[in-house]
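Undergrad: This one is data-v2.cif, mmCIF, C-alpha atoms.
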```
data_input
loop_
_atom_site.label_atom_id
_atom_site.label_comp_id
_atom_site.auth_asym_id
_atom_site.auth_seq_id
_atom_site.Cartn_x
_atom_site.Cartn_y
_atom_site.Cartn_z
CA MET A 1 -34.99 54.22 -20.09
CA ILE A 2 -38.37 55.83 -19.30
CA GLY A 3 -40.19 52.59 -20.10
CA GLN A 4 -37.73 50.55 -18.06
CA LEU A 5 -38.23 52.83 -15.06
CA PHE A 6 -42.00 52.51 -15.34
CA VAL A 7 -41.89 48.69 -15.67
CA SER A 8 -39.39 48.24 -12.84
CA PHE A 9 -41.33 50.38 -10.38
CA PHE A 10 -44.63 48.90 -11.59
CA LYS A 11 -43.30 45.46 -10.57
CA ILE A 12 -42.12 46.84 -7.23
CA GLY A 13 -45.49 48.47 -6.55
CA THR A 14 -47.41 45.40 -7.69
CA PHE A 15 -45.58 42.64 -5.86
CA THR A 16 -44.81 44.27 -2.54
CA ILE A 17 -47.15 43.66 0.35
CA GLY A 18 -46.41 45.64 3.47
CA GLY A 19 -45.12 48.78 1.78
CA GLY A 20 -42.18 50.85 2.98
CA TYR A 21 -39.35 48.77 4.32
CA ALA A 22 -40.86 45.50 3.10
CA MET A 23 -40.28 46.62 -0.49
CA ILE A 24 -36.58 47.38 -0.04
CA PRO A 25 -35.36 43.85 -0.93
CA LEU A 26 -37.36 43.90 -4.17
CA MET A 27 -36.12 47.43 -4.96
CA GLU A 28 -32.53 46.41 -4.29
CA ARG A 29 -32.84 43.33 -6.48
CA GLU A 30 -34.37 45.33 -9.34
CA ILE A 31 -32.33 48.54 -9.12
CA VAL A 32 -28.93 47.25 -8.01
CA GLU A 33 -28.67 43.61 -9.07
CA ARG A 34 -30.87 43.30 -12.15
CA ARG A 35 -30.78 46.74 -13.82
CA ARG A 36 -27.45 47.87 -12.32
CA TRP A 37 -28.67 51.45 -12.24
CA LEU A 38 -27.03 51.98 -8.83
CA ASN A 39 -24.33 50.24 -6.84
CA ASP A 40 -24.87 49.25 -3.18
CA GLU A 41 -23.49 52.51 -1.81
CA ALA A 42 -25.56 54.72 -4.15
CA PHE A 43 -28.66 52.64 -3.36
CA ALA A 44 -28.08 53.17 0.38
CA ASP A 45 -27.67 56.91 -0.25
CA GLN A 46 -30.92 57.05 -2.25
CA MET A 47 -32.71 55.14 0.54
CA ALA A 48 -31.42 57.58 3.15
CA LEU A 49 -32.63 60.47 1.02
CA ALA A 50 -36.04 58.84 0.46
CA GLN A 51 -36.44 58.16 4.19
CA ALA A 52 -35.45 61.70 5.15
CA MET A 53 -38.05 63.28 2.87
CA PRO A 54 -41.67 63.67 3.95
CA GLY A 55 -44.13 61.40 2.22
CA VAL A 56 -44.43 57.79 1.18
CA PHE A 57 -41.10 55.93 1.02
CA ALA A 58 -41.89 54.13 -2.26
CA VAL A 59 -42.80 57.36 -4.02
CA ASN A 60 -39.73 59.13 -2.62
CA MET A 61 -37.50 56.27 -3.77
CA ALA A 62 -39.13 56.19 -7.21
CA THR A 63 -38.69 59.95 -7.49
CA SER A 64 -35.02 59.98 -6.55
CA VAL A 65 -34.02 56.95 -8.64
CA GLY A 66 -36.14 58.01 -11.61
CA TYR A 67 -34.76 61.54 -11.54
CA ARG A 68 -31.20 60.31 -11.18
CA MET A 69 -31.58 58.00 -14.17
CA ALA A 70 -33.65 60.11 -16.59
CA GLY A 71 -34.46 63.52 -15.16
CA TRP A 72 -37.99 64.67 -14.39
CA ARG A 73 -39.52 62.34 -17.02
CA GLY A 74 -37.82 59.40 -15.36
CA ALA A 75 -39.16 60.52 -11.99
CA VAL A 76 -42.72 60.76 -13.35
CA ALA A 77 -42.44 57.33 -15.02
CA ALA A 78 -41.08 55.68 -11.87
CA ILE A 79 -43.70 57.31 -9.62
CA THR A 80 -46.53 56.33 -11.98
CA GLY A 81 -45.28 52.75 -12.10
CA ALA A 82 -44.90 52.53 -8.32
CA VAL A 83 -48.38 53.85 -7.47
CA ALA A 84 -50.56 52.50 -10.32
CA VAL A 85 -51.47 49.12 -8.83
CA PRO A 86 -51.59 50.22 -5.17
CA ILE A 87 -54.04 53.01 -6.07
CA VAL A 88 -56.34 50.55 -7.84
CA ILE A 89 -56.12 48.10 -4.93
CA ILE A 90 -56.86 50.84 -2.37
CA LEU A 91 -59.84 52.02 -4.39
CA LEU A 92 -61.20 48.47 -4.65
CA LEU A 93 -60.64 47.84 -0.94
CA ALA A 94 -62.38 51.10 -0.06
CA MET A 95 -65.35 50.15 -2.24
CA PHE A 96 -65.76 46.68 -0.73
CA PHE A 97 -64.26 47.02 2.76
CA SER A 98 -67.55 46.97 4.61
CA HIS A 99 -68.38 43.59 3.01
CA PHE A 100 -65.36 41.73 4.34
CA LYS A 101 -63.94 43.74 7.25
CA ASP A 102 -65.22 41.21 9.81
CA ASN A 103 -64.46 38.11 7.69
CA VAL A 104 -62.38 35.65 9.73
CA ILE A 105 -60.59 34.29 6.65
CA VAL A 106 -59.45 37.76 5.57
CA GLU A 107 -58.30 38.46 9.13
CA HIS A 108 -56.24 35.23 9.16
CA ILE A 109 -54.71 36.02 5.77
CA PHE A 110 -53.44 39.37 7.05
CA MET A 111 -52.19 37.77 10.27
CA GLY A 112 -50.26 35.27 8.13
CA ILE A 113 -48.71 38.02 6.02
CA ARG A 114 -47.38 39.92 9.06
CA PRO A 115 -44.48 37.53 9.88
CA ALA A 116 -43.35 37.59 6.25
CA VAL A 117 -43.30 41.39 6.29
CA VAL A 118 -41.31 41.37 9.55
CA ALA A 119 -38.81 38.92 8.01
CA LEU A 120 -38.41 41.14 4.94
CA ILE A 121 -37.79 44.17 7.14
CA ALA A 122 -35.26 42.26 9.27
CA ALA A 123 -33.40 41.07 6.17
CA THR A 124 -33.32 44.63 4.88
CA VAL A 125 -31.91 45.99 8.13
CA PHE A 126 -29.20 43.32 8.09
CA ASN A 127 -28.28 44.04 4.45
CA MET A 128 -28.31 47.79 5.02
CA GLY A 129 -26.04 47.34 8.03
CA ARG A 130 -23.55 45.40 5.93
CA ALA A 131 -23.67 47.94 3.10
CA ALA A 132 -23.26 50.85 5.52
CA TYR A 133 -20.30 49.20 7.27
CA VAL A 134 -22.11 49.00 10.58
CA GLY A 135 -19.81 47.35 13.08
CA TRP A 136 -19.09 47.37 16.78
CA ARG A 137 -17.56 50.85 16.51
CA ASN A 138 -20.82 52.47 15.41
CA VAL A 139 -23.62 50.06 16.33
CA TRP A 140 -24.09 51.96 19.59
CA MET A 141 -25.77 54.86 17.78
CA PRO A 142 -29.09 53.17 16.91
CA VAL A 143 -29.07 51.44 20.30
CA VAL A 144 -28.76 54.79 22.10
CA ALA A 145 -31.48 56.26 19.88
CA LEU A 146 -33.78 53.32 20.67
CA LEU A 147 -33.16 53.68 24.40
CA LEU A 148 -33.76 57.44 24.31
CA VAL A 149 -37.11 56.96 22.61
CA TRP A 150 -38.25 53.81 24.38
CA MET A 151 -36.93 54.16 27.94
CA LEU A 152 -36.79 57.93 28.38
CA GLY A 153 -39.79 58.81 26.22
CA ILE A 154 -37.89 61.38 24.13
CA SER A 155 -39.65 62.18 20.88
CA PRO A 156 -38.07 60.49 17.82
CA VAL A 157 -38.20 63.88 16.11
CA TRP A 158 -35.71 65.30 18.64
CA VAL A 159 -33.47 62.24 18.37
CA ILE A 160 -33.40 62.56 14.57
CA LEU A 161 -32.76 66.32 14.67
CA VAL A 162 -29.91 65.98 17.18
CA ALA A 163 -28.42 63.07 15.23
CA ALA A 164 -28.58 65.10 12.01
CA LEU A 165 -26.90 68.06 13.70
CA VAL A 166 -24.16 65.88 15.22
CA GLY A 167 -23.62 64.15 11.86
CA PHE A 168 -23.36 67.50 10.09
CA VAL A 169 -20.85 68.89 12.61
CA TRP A 170 -18.87 65.63 12.60
CA GLY A 171 -18.71 65.69 8.80
CA ARG A 172 -17.55 69.31 8.73
CA LEU A 173 -14.86 68.66 11.34
CA SER A 174 -13.71 65.52 9.53
CA ARG A 175 -13.31 67.46 6.28
CA LYS A 176 -11.24 70.13 8.02
CA GLU A 177 -8.94 67.47 9.48
CA GLU A 178 -8.50 65.90 6.04
CA GLY A 179 -7.70 69.31 4.56
CA ARG A 180 -10.67 69.54 2.18
#
```
Now that the file is in, can you turn its structure into structure tokens?
TA:
Amino acid sequence: MIGQLFVSFFKIGTFTIGGGYAMIPLMEREIVERRRWLNDEAFADQMALAQAMPGVFAVNMATSVGYRMAGWRGAVAAITGAVAVPIVIILLLAMFFSHFKDNVIVEHIFMGIRPAVVALIAATVFNMGRAAYVGWRNVWMPVVALLLVWMLGISPVWVILVAALVGFVWGRLSRKEEGR
């Protein structure tokens, strides 16, 4: 299991350009569909946990999935796999950045990658919405959050804190009504 965690997250870290949300489709394919370590609901829960934690999303996801599957050794294996190639690439880029930072070809390559990353993120949002049972009854929540941040200039931190508090209270009240 430790080796499988390392290899799976090594592939995710190696073949994902754009980081963060762009790597979710590859993670889902590897963790849910191929390895069957998690089902769709558990994967969505692990993503929510990884997003809520401070730090890099990929490392948080590797930590939570690795720990869930094989304890602290699984977490270390998954983290090591996820960061090995990106660390090498970042070091190489840092060493040679001044040589190609103004290169028109490199600039065009990165401009070409951007739409693909946006498409991956859009596909992820759509899939997450389906898995989380987002429908017309609850789609208003992210719309209101967007409007609060964008139109009224409210800090996203406050929106997240208030949403977390409302979700907590709602969950507690729902449990009381169900008699738990």
Undergrad: Enumerate, in order of chain and increasing residue number, the residues of region 55-120 of chain A with an atom no farther than 12 Å from region 124-128 of chain A, each with its shortest atom pair and distance in Å to one decimal, counting only C-alpha atoms, as a tab-separated table.
TA:
```
residue	atom	partner	partner_atom	distance
A:Val117	CA	A:Thr124	CA	10.6
A:Val118	CA	A:Thr124	CA	9.8
A:Ala119	CA	A:Thr124	CA	8.5
A:Leu120	CA	A:Thr124	CA	6.2
```
Undergrad: With a distance cut-off of 12 Å and all atoms listed in the file, select the neighbouring residues of Leu146 (chain A), excluding the residue or stretch itself and same-chain residues fewer than 6 positions from it, and output the selection as a ChimeraX atom specification.
TA: /A:139-140,152-156,159-160
Undergrad: Evaluate the PyMOL selection byres ((chain A and resi 55-65) around 8) here and jot the selected residues down as a PDB file with C-alpha atoms, in the coordinates of the input.
TA:
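Dumped to result-v8.pdb:
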```pdb
ATOM      1  CA  PHE A   9     -41.330  50.380 -10.380  1.00  0.00           C
ATOM      2  CA  GLY A  13     -45.490  48.470  -6.550  1.00  0.00           C
ATOM      3  CA  GLY A  19     -45.120  48.780   1.780  1.00  0.00           C
ATOM      4  CA  GLY A  20     -42.180  50.850   2.980  1.00  0.00           C
ATOM      5  CA  MET A  23     -40.280  46.620  -0.490  1.00  0.00           C
ATOM      6  CA  GLN A  46     -30.920  57.050  -2.250  1.00  0.00           C
ATOM      7  CA  MET A  47     -32.710  55.140   0.540  1.00  0.00           C
ATOM      8  CA  LEU A  49     -32.630  60.470   1.020  1.00  0.00           C
ATOM      9  CA  ALA A  50     -36.040  58.840   0.460  1.00  0.00           C
ATOM     10  CA  GLN A  51     -36.440  58.160   4.190  1.00  0.00           C
ATOM     11  CA  MET A  53     -38.050  63.280   2.870  1.00  0.00           C
ATOM     12  CA  PRO A  54     -41.670  63.670   3.950  1.00  0.00           C
ATOM     13  CA  GLY A  66     -36.140  58.010 -11.610  1.00  0.00           C
ATOM     14  CA  TYR A  67     -34.760  61.540 -11.540  1.00  0.00           C
ATOM     15  CA  ARG A  68     -31.200  60.310 -11.180  1.00  0.00           C
ATOM     16  CA  MET A  69     -31.580  58.000 -14.170  1.00  0.00           C
ATOM     17  CA  GLY A  74     -37.820  59.400 -15.360  1.00  0.00           C
ATOM     18  CA  ALA A  75     -39.160  60.520 -11.990  1.00  0.00           C
ATOM     19  CA  VAL A  76     -42.720  60.760 -13.350  1.00  0.00           C
ATOM     20  CA  ALA A  78     -41.080  55.680 -11.870  1.00  0.00           C
ATOM     21  CA  ILE A  79     -43.700  57.310  -9.620  1.00  0.00           C
ATOM     22  CA  ALA A  82     -44.900  52.530  -8.320  1.00  0.00           C
ATOM     23  CA  VAL A  83     -48.380  53.850  -7.470  1.00  0.00           C
TER      24      VAL A  83
END
```
Undergrad: For CA of Gly71 (chain A) and CA of Ala44 (chain A), determine how far apart the two atoms are, in Å to one decimal place.
TA: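 Calculated distance between CA of Gly71 (chain A) and CA of Ala44 (chain A) is 19.7 Å.
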Undergrad: Which value, in Å to one decimal, gives the distance between CA of Trp37 (chain A) and CA of Gly3 (chain A)?
TA: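 Between these atoms lies a distance of 14.0 Å.
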Undergrad: CA of Leu148 (chain A) and CA of Leu165 (chain A), how far apart in Å?
TA: 16.5 Å
Undergrad: Could you check which of A:Ile90, A:Leu38, A:Met141, A:His108 is closest to Val162 (chain A), using all atoms listed in the file?
TA: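 Once distances to Val162 (chain A) are computed over all atoms listed in the file, the minimum belongs to A:Met141.
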Undergrad: Kindly provide, as lines of an AutoDock Vina configuration file, the centre and edge lengths (Å, one decimal) of an axis-aligned box around all atoms of region 37-41 of chain A given in the file, with 3 Å on each side.
TA:
```
center_x = -26.1
center_y = 50.9
center_z = -7.0
size_x = 11.2
size_y = 9.3
size_z = 16.4
```
